[in-house]
file query-v9.txt (compact mmCIF, C-alpha atoms)
# COMPACT_ATOMS: atom_id res chain seq x y z
CA MET H 1 257.58 101.87 139.89
CA LYS H 2 260.45 99.58 139.01
CA PRO H 3 260.49 97.86 135.61
CA ILE H 4 260.19 94.07 135.68
CA ILE H 5 260.13 91.33 133.05
CA ILE H 6 258.83 87.79 133.48
CA TYR H 7 261.01 85.09 131.94
CA GLY H 8 258.56 82.52 130.57
CA ALA H 9 255.23 83.35 128.93
CA GLY H 10 253.35 80.14 129.77
CA GLY H 11 250.73 79.43 132.39
CA PHE H 12 252.94 80.07 135.41
CA GLY H 13 254.13 83.30 133.78
CA LYS H 14 250.52 84.47 133.71
CA GLU H 15 250.15 83.51 137.38
CA ILE H 16 253.23 85.58 138.25
CA ALA H 17 251.76 88.51 136.31
CA CYS H 18 248.66 88.19 138.52
CA LEU H 19 250.91 88.06 141.59
CA ILE H 20 252.68 91.26 140.49
CA ASN H 21 249.26 92.90 140.01
CA GLU H 22 248.27 91.76 143.53
CA ILE H 23 251.43 93.30 144.99
CA ASN H 24 250.79 96.55 143.10
CA GLU H 25 247.23 96.80 144.47
CA ILE H 26 248.67 97.12 147.97
CA GLU H 27 251.67 99.25 147.09
CA PRO H 28 252.57 100.16 143.50
CA LYS H 29 256.03 98.65 143.08
CA TRP H 30 256.40 96.95 139.70
CA ASN H 31 255.88 98.06 136.11
CA LEU H 32 255.49 94.83 134.13
CA LEU H 33 257.09 95.47 130.74
CA GLY H 34 256.34 92.05 129.26
CA PHE H 35 257.76 88.57 128.87
CA ILE H 36 260.98 86.91 127.74
CA ASP H 37 260.45 83.58 126.00
CA ASP H 38 262.92 81.78 123.75
CA GLY H 39 260.15 79.67 122.20
CA LEU H 40 257.75 82.40 121.06
CA GLU H 41 258.02 85.10 118.42
CA VAL H 42 258.75 88.65 119.47
CA GLY H 43 255.48 90.55 119.75
CA THR H 44 253.36 87.52 120.61
CA GLU H 45 250.53 88.82 122.80
CA ILE H 46 249.95 87.17 126.17
CA LYS H 47 246.98 88.17 128.32
CA TYR H 48 249.22 90.29 130.58
CA GLY H 49 251.69 91.67 128.03
CA ARG H 50 253.73 90.68 125.02
CA VAL H 51 256.90 88.76 124.30
CA LEU H 52 259.81 91.21 124.12
CA GLY H 53 262.45 88.73 122.96
CA GLY H 54 264.63 85.90 124.19
CA ILE H 55 267.83 85.52 126.18
CA ASP H 56 269.79 87.63 123.69
CA PHE H 57 267.36 90.54 124.13
CA LEU H 58 267.78 90.30 127.89
CA ASN H 59 271.57 90.14 127.76
CA GLN H 60 271.63 93.31 125.65
CA TYR H 61 269.18 95.29 127.80
CA GLU H 62 270.79 98.67 128.45
CA THR H 63 269.21 99.81 131.73
CA GLU H 64 268.60 98.20 135.10
CA ILE H 65 265.78 95.68 134.99
CA ALA H 66 264.27 93.16 137.41
CA VAL H 67 263.67 89.66 136.08
CA VAL H 68 261.47 87.00 137.66
CA PHE H 69 261.39 83.42 136.38
CA SER H 70 258.31 81.33 135.68
CA ILE H 71 260.21 78.22 134.55
CA ALA H 72 258.91 75.34 136.67
CA ASN H 73 261.64 72.89 135.66
CA ALA H 74 264.66 73.15 137.96
CA PRO H 75 267.41 71.98 135.53
CA ILE H 76 266.14 74.27 132.76
CA LEU H 77 265.76 77.17 135.20
CA GLU H 78 269.35 76.73 136.37
CA LYS H 79 270.60 76.56 132.77
CA VAL H 80 268.74 79.76 131.78
CA VAL H 81 269.99 81.65 134.85
CA SER H 82 273.58 80.64 134.02
CA LYS H 83 273.21 82.19 130.54
CA ILE H 84 272.29 85.64 131.83
CA THR H 85 275.43 87.75 131.66
CA ASN H 86 274.04 91.28 131.73
CA SER H 87 275.07 93.22 134.87
CA ASN H 88 271.96 95.44 134.49
CA ILE H 89 269.75 92.52 135.50
CA TYR H 90 268.79 91.76 139.08
CA PHE H 91 266.54 89.12 140.57
CA PRO H 92 264.07 90.27 143.23
CA ASN H 93 262.03 87.98 145.42
CA ILE H 94 258.37 88.16 144.47
CA ILE H 95 256.28 87.39 147.54
CA SER H 96 252.50 87.43 147.62
CA PRO H 97 250.90 89.69 150.21
CA GLY H 98 248.94 86.56 151.22
CA VAL H 99 252.03 84.79 152.59
CA LYS H 100 252.16 84.21 156.35
CA PHE H 101 255.42 84.46 158.32
CA TYR H 102 255.11 83.29 161.92
CA ASP H 103 258.54 84.63 162.90
CA SER H 104 259.72 87.11 160.26
CA PRO H 105 263.00 88.00 162.00
CA SER H 106 264.17 84.38 161.82
CA PHE H 107 263.30 84.01 158.11
CA GLU H 108 266.23 84.15 155.63
CA ILE H 109 265.92 84.28 151.86
CA GLY H 110 268.26 84.54 148.88
CA LYS H 111 267.37 86.09 145.51
CA GLY H 112 265.07 85.32 142.60
CA ASN H 113 262.45 83.39 144.56
CA VAL H 114 258.70 83.37 143.86
CA ILE H 115 256.41 82.71 146.81
CA SER H 116 252.76 82.47 145.78
CA ASN H 117 249.60 83.13 147.74
CA GLY H 118 248.80 81.09 150.82
CA CYS H 119 252.34 79.90 151.61
CA ARG H 120 253.21 79.69 155.31
CA PHE H 121 256.58 79.83 157.06
CA SER H 122 257.16 78.82 160.66
CA CYS H 123 260.31 79.88 162.52
CA ASP H 124 263.98 79.62 161.49
CA VAL H 125 263.31 78.87 157.81
CA LYS H 126 266.14 79.51 155.34
CA ILE H 127 265.68 79.64 151.57
CA GLY H 128 268.38 79.87 148.89
CA ASP H 129 268.13 81.31 145.36
CA PHE H 130 265.73 80.82 142.45
CA ASN H 131 263.07 78.69 144.11
CA LEU H 132 259.44 78.65 143.02
CA PHE H 133 256.79 77.93 145.64
CA ASN H 134 253.34 77.69 144.13
CA GLY H 135 250.20 78.22 146.20
CA PHE H 136 249.74 77.05 149.77
CA VAL H 137 253.18 75.53 150.37
CA ALA H 138 253.89 75.20 154.11
CA PHE H 139 257.23 75.09 155.90
CA GLY H 140 257.72 73.92 159.48
CA HIS H 141 260.44 75.06 161.86
CA ASP H 142 264.11 74.86 160.82
CA VAL H 143 263.43 73.95 157.19
CA ARG H 144 266.35 74.60 154.81
CA ILE H 145 265.80 74.97 151.07
CA GLY H 146 268.79 75.18 148.72
CA ASP H 147 268.77 76.67 145.20
CA PHE H 148 266.62 75.88 142.15
CA ASN H 149 263.74 73.98 143.74
CA ILE H 150 260.15 73.87 142.52
CA LEU H 151 257.41 73.06 145.04
CA SER H 152 253.91 72.49 143.68
CA PRO H 153 250.71 73.68 145.31
CA SER H 154 249.96 72.37 148.80
CA ALA H 155 253.42 70.83 149.37
CA ARG H 156 254.30 70.50 153.06
CA LEU H 157 257.76 70.32 154.59
CA SER H 158 257.91 69.61 158.28
CA GLY H 159 260.46 70.74 160.85
CA CYS H 160 264.18 70.23 160.27
CA CYS H 161 263.65 69.12 156.65
CA ILE H 162 266.53 69.90 154.28
CA VAL H 163 266.06 70.18 150.49
CA THR H 164 269.38 70.82 148.77
CA GLY H 165 268.27 71.38 145.19
CA LYS H 166 270.27 71.03 142.01
call {"tool": "encode", "arguments": {"input": "query-v9.txt", "output": "C-alpha cells"}}
result
Amino acid sequence: MKPIIIYGAGGFGKEIACLINEINEIEPKWNLLGFIDDGLEVGTEIKYGRVLGGIDFLNQYETEIAVVFSIANAPILEKVVSKITNSNIYFPNIISPGVKFYDSPSFEIGKGNVISNGCRFSCDVKIGDFNLFNGFVAFGHDVRIGDFNILSPSARLSGCCIVTGK
C-alpha cells in the first residue's frame, strides 16, 4: 500500500480518512500515516490518526509520499499548495467507489482532487487541479471546472457550465 497523508485534521479531514478507508475496503491502496496541520500540536490525536507536523515537516519528508488536502477554503488551499516545495510529494485524485461516471472515456481530470461519495458525472466533463467535491455533487454534459474549487454537498452544475476557479 502507498503511504498517504491528509493535509488538514478538521472535520473534512476525518471525512477523507473515511473515504480512504472505503477505497481500501475494495482494494487496499493507501496506508494513512496521519495528518498535517499547521494549527495543531505534533502528536495531537485525531480519530483516524495523529498530527505529524506542519508544512515544514512535509517539505522535509525524505521519501515519496501522497498528500490529499481537506482544506475547504479555495484561497487558503491555493496558498498552502504553493508552499509545498518537496519533490517527493505527489497529489493523487481520491475518488469514492460510490461515484458514477456515465461516460468514463470522455472524463478528464487533473491532480489533487477529492470526489466524495454519490457524485455523478455525465459526458465530456473536464476537471482541473485541487478541487474538492463533497457528497452528491452532479455534473451535466460538457461541464468544465478549473483549479481550486470547493463544491458543497448536493451542488448541481448543468451542461456547458464553466467554473474557472481562483
call {"tool": "residues_near_point", "arguments": {"input": "query-v9.txt", "point": "(258.7, 99.8, 137.9)", "cutoff": "6 Å", "atoms": "all atoms listed in the file", "output": "JSON, numbers by chain"}}
result
{"H": [1, 2, 3, 29, 30, 31]}
call {"tool": "atom_distance", "arguments": {"input": "query-v9.txt", "atom1": "CA of Leu151 (chain H)", "atom2": "CA of Ser82 (chain H)"}}
result
21.0 Å
call {"tool": "closest_residue", "arguments": {"input": "query-v9.txt", "among": "H:Asn59, H:Ser106, H:Ser70, H:Ser122", "to": "Thr85 (chain H)", "atoms": "only C-alpha atoms"}}
result
H:Asn59
call {"tool": "closest_residue", "arguments": {"input": "query-v9.txt", "among": "H:Phe148, H:Tyr61, H:Phe101, H:Tyr90", "to": "Val125 (chain H)", "atoms": "only C-alpha atoms"}}
result
H:Phe101
call {"tool": "closest_residue", "arguments": {"input": "query-v9.txt", "among": "H:Lys83, H:Lys14, H:Lys100, H:Arg120", "to": "Ser154 (chain H)", "atoms": "only C-alpha atoms"}}
result
H:Arg120
call {"tool": "closest_residue", "arguments": {"input": "query-v9.txt", "among": "H:Val163, H:Ala155, H:Ile65, H:Ile84", "to": "Gly118 (chain H)", "atoms": "all atoms listed in the file"}}
result
H:Ala155
call {"tool": "decode", "arguments": {"input": "query-v9.txt", "residues": "region 8-20 of chain H", "atoms": "N, CA, C and O atoms", "output": "CSV table (one decimal), in the first residue's frame"}}
result
chain,number,residue,atom,x,y,z
H,8,GLY,N,-4.8,18.7,6.8
H,8,GLY,CA,-5.9,19.3,7.5
H,8,GLY,C,-6.6,18.2,8.3
H,8,GLY,O,-7.1,17.2,7.8
H,9,ALA,N,-6.6,18.5,9.7
H,9,ALA,CA,-7.1,17.5,10.6
H,9,ALA,C,-8.5,17.8,11.2
H,9,ALA,O,-8.9,17.3,12.2
H,10,GLY,N,-9.2,18.7,10.5
H,10,GLY,CA,-10.6,19.0,10.9
H,10,GLY,C,-11.6,18.0,10.4
H,10,GLY,O,-11.3,16.9,10.1
H,11,GLY,N,-12.8,18.5,10.4
H,11,GLY,CA,-14.0,17.6,10.1
H,11,GLY,C,-13.9,17.0,8.7
H,11,GLY,O,-14.1,15.8,8.5
H,12,PHE,N,-13.5,17.8,7.7
H,12,PHE,CA,-13.4,17.3,6.3
H,12,PHE,C,-12.2,16.3,6.2
H,12,PHE,O,-12.2,15.3,5.5
H,13,GLY,N,-11.2,16.5,7.0
H,13,GLY,CA,-10.0,15.6,7.1
H,13,GLY,C,-10.5,14.2,7.6
H,13,GLY,O,-10.1,13.2,7.0
H,14,LYS,N,-11.4,14.2,8.6
H,14,LYS,CA,-11.9,12.9,9.0
H,14,LYS,C,-12.7,12.3,8.0
H,14,LYS,O,-12.7,11.1,7.8
H,15,GLU,N,-13.5,13.1,7.2
H,15,GLU,CA,-14.3,12.5,6.1
H,15,GLU,C,-13.4,11.9,5.1
H,15,GLU,O,-13.7,10.8,4.5
H,16,ILE,N,-12.3,12.5,4.7
H,16,ILE,CA,-11.4,12.0,3.8
H,16,ILE,C,-10.7,10.7,4.3
H,16,ILE,O,-10.5,9.8,3.5
H,17,ALA,N,-10.4,10.7,5.6
H,17,ALA,CA,-9.9,9.4,6.2
H,17,ALA,C,-10.9,8.3,6.0
H,17,ALA,O,-10.6,7.2,5.6
H,18,CYS,N,-12.2,8.6,6.2
H,18,CYS,CA,-13.3,7.6,5.9
H,18,CYS,C,-13.3,7.2,4.5
H,18,CYS,O,-13.5,6.0,4.1
H,19,LEU,N,-13.1,8.1,3.6
H,19,LEU,CA,-13.1,7.9,2.1
H,19,LEU,C,-11.9,6.9,1.8
H,19,LEU,O,-12.1,6.0,1.0
H,20,ILE,N,-10.8,7.2,2.3
H,20,ILE,CA,-9.6,6.3,2.1
H,20,ILE,C,-9.9,4.9,2.6
H,20,ILE,O,-9.6,3.9,2.0
